[in-house]
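One structure is given below, encoded as structure tokens.
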Amino acid sequence: MAGTEEKAPALFMGIDGGGSTCRARLRDGAGAVLGEAVGGSANVYLDFAGALAAVRDCIGATLAAAGLQSDAGGRLRVGLGLAGVSSPAIAAEVAAALPGFAEVRVSNDAVTACLGAHGGADGGLVIAGTGSAGLALVGGREIVVGGRGFVLGDDGSGARIGLDAWRRALRAHDGLEPHTPFTRSLMARFGDDPAAVIRWGLAARSADYGAEAPACFAAAAGGDAVALSIVRGAAASLAELVAAVRRLGADRICLVGGGASAVRPYLPAAVADALAPPHADARDGAVLLAGGRLP
């Protein structure tokens with residue numbers, strides 16, 4: 001039985017783990033999609049154990065979606081692009097925590113997103129998701145710009161948009177700036193009680209703040225002054241990342257992430273026009289990292 005499994009063709013799973021969700025895709029050696037699944041947050045910086053649990057669950061769900069049993073792991077080569085992987089040491093720690101597979105390769109989620117966006121070729125990437133970062137893959141060099149996590153970076157991200165929204169709502173409540181329908185709607189969720197907002201904020205994580213971004217974009221589209229100010233500030237931060245990645249030698253740059261389409265109309269026209277469409281997504285970038293191929 002073991003010999004049969006060893007002779008079975010390799011499978012390649014690409015996993016994109018961010019601050020909000022973990023998404024996986026399984027391809028065979030020819031690049032055909034066999035199964036996909038979605039799981040929970042997989043940011044190893046914020047919660048290493050929780051992220052690994054989300055990855056394991058996502059692997060199991062993807063194998064099940066493909067009609068495969070968990071014992072197929074022996075022929076499975078896994079590529080992981082995870083938020084919070086900031087050094088080779090952390091990547092090695094993640095790989096060591098996932099035994100039982102033919103191979104596990106780990107990198108930051110920006111790297112796998114860039115690999116997917118350019119089909120494995122050189123290029124640049126700006127991620128506008130729960131977090132944000134810029135990346136240039138040029139001539140074998142891998143250079144990250146920005147990011148640095150919710151506390152010290154991630155300018156222009158969904159989490160920062162949500163944080164700014166709550167800061168502005170509390171300022172309006174205190175009379176430090178005018179209320180708008182958007183800030184009033186935020187405060188109304190906590191009965192106009194700033195102490196309740198603070199209690200929530202002390203326990204809130206980047207994904208919780210990022211969950212506020214869609215409402216902010218919707219309010220901005222409706223002309224709300226505070227929401228517009230926040231969204232325009234986020235767009236300016238992302239435009240800075242685009243410029244920084246271009247200075248590193250990336251000629252082709254893609255904007256990806258859950259907030260990419262929403263923020264694009266607020267980017268300077270010259271920046272938006274210069275952005276290229278991605279060839280594939282971060283899951284396929286992780287498939288490439290694992291040694292797989294795309295059709």
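Ordering of the structure tokens sets the chain letters (A, B, ...), residue numbers begin anew at 1 in every chain, and ligands are numbered from 1 in the order given.
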Shell around region 185-201 of chain A at 8 Å using only C-alpha atoms, local window under 6 positions removed, as a CSV table (one decimal) with C-alpha atoms, in the first residue's frame:
chain,number,residue,atom,x,y,z
A,166,TRP,CA,-13.4,54.5,14.7
A,169,ALA,CA,-16.1,58.6,15.1
A,170,LEU,CA,-14.8,59.1,18.7
A,173,HIS,CA,-18.5,62.2,19.5
request  = For region 67-80 of chain A, work out the shell of residues within 6 Å, counting only C-alpha atoms and skipping chain neighbours fewer than 3 positions away, then give it as number ranges by chain.
outcome  = A: 10-15, 63-64, 101-106, 286-287, 289-290
For the residues in that selection, give me C-alpha atoms as a JSON list (two decimals), in the first residue's frame.
[["chain", "number", "residue", "atom", "x", "y", "z"],
["A", 10, "ALA", "CA", 2.37, 14.41, -6.97],
["A", 11, "LEU", "CA", -0.31, 16.90, -5.99],
["A", 12, "PHE", "CA", 0.31, 20.61, -5.45],
["A", 13, "MET", "CA", -1.65, 22.73, -2.97],
["A", 14, "GLY", "CA", -1.34, 26.49, -2.77],
["A", 15, "ILE", "CA", -2.55, 28.27, 0.35],
["A", 63, "LEU", "CA", -8.56, 17.34, 0.03],
["A", 64, "ALA", "CA", -12.15, 16.45, 0.91],
["A", 101, "PHE", "CA", 3.59, 15.99, 3.54],
["A", 102, "ALA", "CA", 5.97, 15.34, 0.67],
["A", 103, "GLU", "CA", 7.22, 18.92, 0.97],
["A", 104, "VAL", "CA", 6.18, 22.21, 2.57],
["A", 105, "ARG", "CA", 7.51, 25.53, 1.31],
["A", 106, "VAL", "CA", 6.65, 28.68, 3.20],
["A", 286, "ALA", "CA", 1.65, 29.34, -3.72],
["A", 287, "VAL", "CA", 1.17, 26.42, -6.14],
["A", 289, "LEU", "CA", 6.11, 28.06, -4.84],
["A", 290, "ALA", "CA", 5.37, 24.39, -4.17]]
task = May I have the residues within 12 Å of Gly249 (chain A) as JSON, numbers by chain, using only C-alpha atoms and disregarding those fewer than 4 positions away in the same chain?
result = {"A": [122, 123, 124, 125, 135, 136, 137, 138, 139, 140, 141, 142, 143, 242, 243, 244, 245, 253]}
Emit the selected residues as a PDB file, in the first residue's frame, including N, CA and C atoms.
ATOM      1  N   ASP A 122       9.396  38.135 -13.154  1.00  0.00           N
ATOM      2  CA  ASP A 122       9.703  39.330 -12.369  1.00  0.00           C
ATOM      3  C   ASP A 122       8.525  40.293 -12.395  1.00  0.00           C
ATOM      4  N   GLY A 123       8.392  41.058 -11.329  1.00  0.00           N
ATOM      5  CA  GLY A 123       7.337  42.060 -11.269  1.00  0.00           C
ATOM      6  C   GLY A 123       7.183  42.608  -9.878  1.00  0.00           C
ATOM      7  N   GLY A 124       6.229  43.502  -9.731  1.00  0.00           N
ATOM      8  CA  GLY A 124       5.966  44.121  -8.450  1.00  0.00           C
ATOM      9  C   GLY A 124       4.517  43.953  -8.051  1.00  0.00           C
ATOM     10  N   LEU A 125       4.269  44.145  -6.770  1.00  0.00           N
ATOM     11  CA  LEU A 125       2.930  43.928  -6.235  1.00  0.00           C
ATOM     12  C   LEU A 125       2.669  44.890  -5.089  1.00  0.00           C
ATOM     13  N   LEU A 135       5.880  44.745  -2.767  1.00  0.00           N
ATOM     14  CA  LEU A 135       6.917  43.743  -2.980  1.00  0.00           C
ATOM     15  C   LEU A 135       7.445  43.853  -4.396  1.00  0.00           C
ATOM     16  N   ALA A 136       8.760  43.758  -4.512  1.00  0.00           N
ATOM     17  CA  ALA A 136       9.400  43.674  -5.822  1.00  0.00           C
ATOM     18  C   ALA A 136      10.164  42.363  -5.911  1.00  0.00           C
ATOM     19  N   LEU A 137       9.897  41.577  -6.938  1.00  0.00           N
ATOM     20  CA  LEU A 137      10.668  40.375  -7.259  1.00  0.00           C
ATOM     21  C   LEU A 137      11.384  40.669  -8.568  1.00  0.00           C
ATOM     22  N   VAL A 138      12.652  40.989  -8.478  1.00  0.00           N
ATOM     23  CA  VAL A 138      13.418  41.428  -9.648  1.00  0.00           C
ATOM     24  C   VAL A 138      14.801  40.796  -9.616  1.00  0.00           C
ATOM     25  N   GLY A 139      15.153  40.078 -10.684  1.00  0.00           N
ATOM     26  CA  GLY A 139      16.478  39.509 -10.791  1.00  0.00           C
ATOM     27  C   GLY A 139      16.863  38.592  -9.655  1.00  0.00           C
ATOM     28  N   GLY A 140      15.896  37.846  -9.145  1.00  0.00           N
ATOM     29  CA  GLY A 140      16.169  36.935  -8.046  1.00  0.00           C
ATOM     30  C   GLY A 140      16.148  37.582  -6.672  1.00  0.00           C
ATOM     31  N   ARG A 141      15.960  38.905  -6.630  1.00  0.00           N
ATOM     32  CA  ARG A 141      15.882  39.607  -5.350  1.00  0.00           C
ATOM     33  C   ARG A 141      14.427  39.732  -4.922  1.00  0.00           C
ATOM     34  N   GLU A 142      14.218  39.646  -3.639  1.00  0.00           N
ATOM     35  CA  GLU A 142      12.880  39.773  -3.043  1.00  0.00           C
ATOM     36  C   GLU A 142      12.929  40.896  -2.005  1.00  0.00           C
ATOM     37  N   ILE A 143      12.280  42.024  -2.327  1.00  0.00           N
ATOM     38  CA  ILE A 143      12.359  43.198  -1.454  1.00  0.00           C
ATOM     39  C   ILE A 143      10.948  43.619  -1.052  1.00  0.00           C
ATOM     40  N   VAL A 242       3.188  51.878  -4.489  1.00  0.00           N
ATOM     41  CA  VAL A 242       3.395  51.632  -5.916  1.00  0.00           C
ATOM     42  C   VAL A 242       4.665  52.321  -6.393  1.00  0.00           C
ATOM     43  N   ALA A 243       4.843  53.580  -5.993  1.00  0.00           N
ATOM     44  CA  ALA A 243       6.027  54.334  -6.406  1.00  0.00           C
ATOM     45  C   ALA A 243       7.304  53.700  -5.860  1.00  0.00           C
ATOM     46  N   ALA A 244       7.260  53.229  -4.619  1.00  0.00           N
ATOM     47  CA  ALA A 244       8.440  52.619  -4.010  1.00  0.00           C
ATOM     48  C   ALA A 244       8.812  51.318  -4.715  1.00  0.00           C
ATOM     49  N   VAL A 245       7.807  50.516  -5.057  1.00  0.00           N
ATOM     50  CA  VAL A 245       8.064  49.252  -5.759  1.00  0.00           C
ATOM     51  C   VAL A 245       8.639  49.524  -7.147  1.00  0.00           C
ATOM     52  N   ILE A 253       3.511  46.169 -12.363  1.00  0.00           N
ATOM     53  CA  ILE A 253       3.040  46.179 -10.974  1.00  0.00           C
ATOM     54  C   ILE A 253       1.543  45.924 -10.955  1.00  0.00           C
TER      55      ILE A 253
END
task = Please measure the separation of CA of Ile230 (chain A) and CA of Leu202 (chain A), giving the value in Å to one decimal.
result = 21.4 Å
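Backbone DSSP assigns strand (DSSP E) in region 138-174 of chain A to Val138, Arg141, Glu142, Ile143, Val144 and Val145 of chain A.
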ask   = Do you know which residues are at most 10 Å from Arg148 (chain A) counting only C-alpha atoms, after dropping those on the same chain fewer than 3 positions away, and could you put them as a list in words?
value = Gly84, Ser86, Gly131, Ser132, Ala133, Val144, Val145, Val151, Leu152, Gly153, Asp154 and Asp155 of chain A
Those residues you just picked out, can you put them in a file as a PDB file, in the first residue's frame with C-alpha atoms?
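So the final result, stored in part_16.pdb, reads:
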ATOM      1  CA  GLY A  84       3.304  37.400   9.381  1.00  0.00           C
ATOM      2  CA  SER A  86       8.850  37.856   8.096  1.00  0.00           C
ATOM      3  CA  GLY A 131      -3.046  44.399   5.758  1.00  0.00           C
ATOM      4  CA  SER A 132      -0.949  46.125   3.117  1.00  0.00           C
ATOM      5  CA  ALA A 133       2.540  45.755   1.676  1.00  0.00           C
ATOM      6  CA  VAL A 144       9.398  44.039   0.785  1.00  0.00           C
ATOM      7  CA  VAL A 145       8.217  47.619   1.280  1.00  0.00           C
ATOM      8  CA  VAL A 151       0.554  48.215  14.956  1.00  0.00           C
ATOM      9  CA  LEU A 152       3.593  49.599  13.120  1.00  0.00           C
ATOM     10  CA  GLY A 153       2.555  49.645   9.472  1.00  0.00           C
ATOM     11  CA  ASP A 154      -0.062  48.426   6.988  1.00  0.00           C
ATOM     12  CA  ASP A 155      -0.901  51.957   5.821  1.00  0.00           C
TER      13      ASP A 155
END
query = Which residues in region 23-91 of chain A does DSSP call helix (DSSP H, G or I)? List them as an MDAnalysis selection string.
reply = chainID A and resid 48:65 70:75 88:91
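Shell of Gly119 (chain A) at 10 Å, with only C-alpha atoms counted and residues fewer than 3 places along the chain excluded, is Ala113, Cys114, Leu115, Gly116, Asp122, Gly123, Pro278, His279, Ala280, Asp281, Asp284, Gly285, Leu288, Arg293 and Leu294 of chain A.
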inquiry  = Can you pull out the residues contacting Val94 (chain A)? Cut-off 12 Å, using only C-alpha atoms, and skip same-chain residues under 6 positions away; I want them as a list in words.
reply    = Ala42, Asn43, Val44, Tyr45, Phe48, Ala49, Gly50, Ala51, Leu52, Ala53, Val55, Arg56, Val78, Gly79, Leu80, Gly81, Leu82, Ala83, Gly84, Val85, Ser86, Ser87, Pro88, Val104, Arg105, Val106, Ser107 and Asn108 of chain A
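When CA of Arg23 (chain A) is paired with CA of Gly39 (chain A), their separation reads 6.2 Å.
The two atoms in question, CA of Ile161 (chain A) and CA of Gly146 (chain A), are spaced 15.8 Å apart.
Of the residues under consideration (A:Leu34, A:Ala269, A:Val256, A:Leu176), A:Val256 shows the shortest atom-to-atom contact distance to Thr112 (chain A) when counting only C-alpha atoms.
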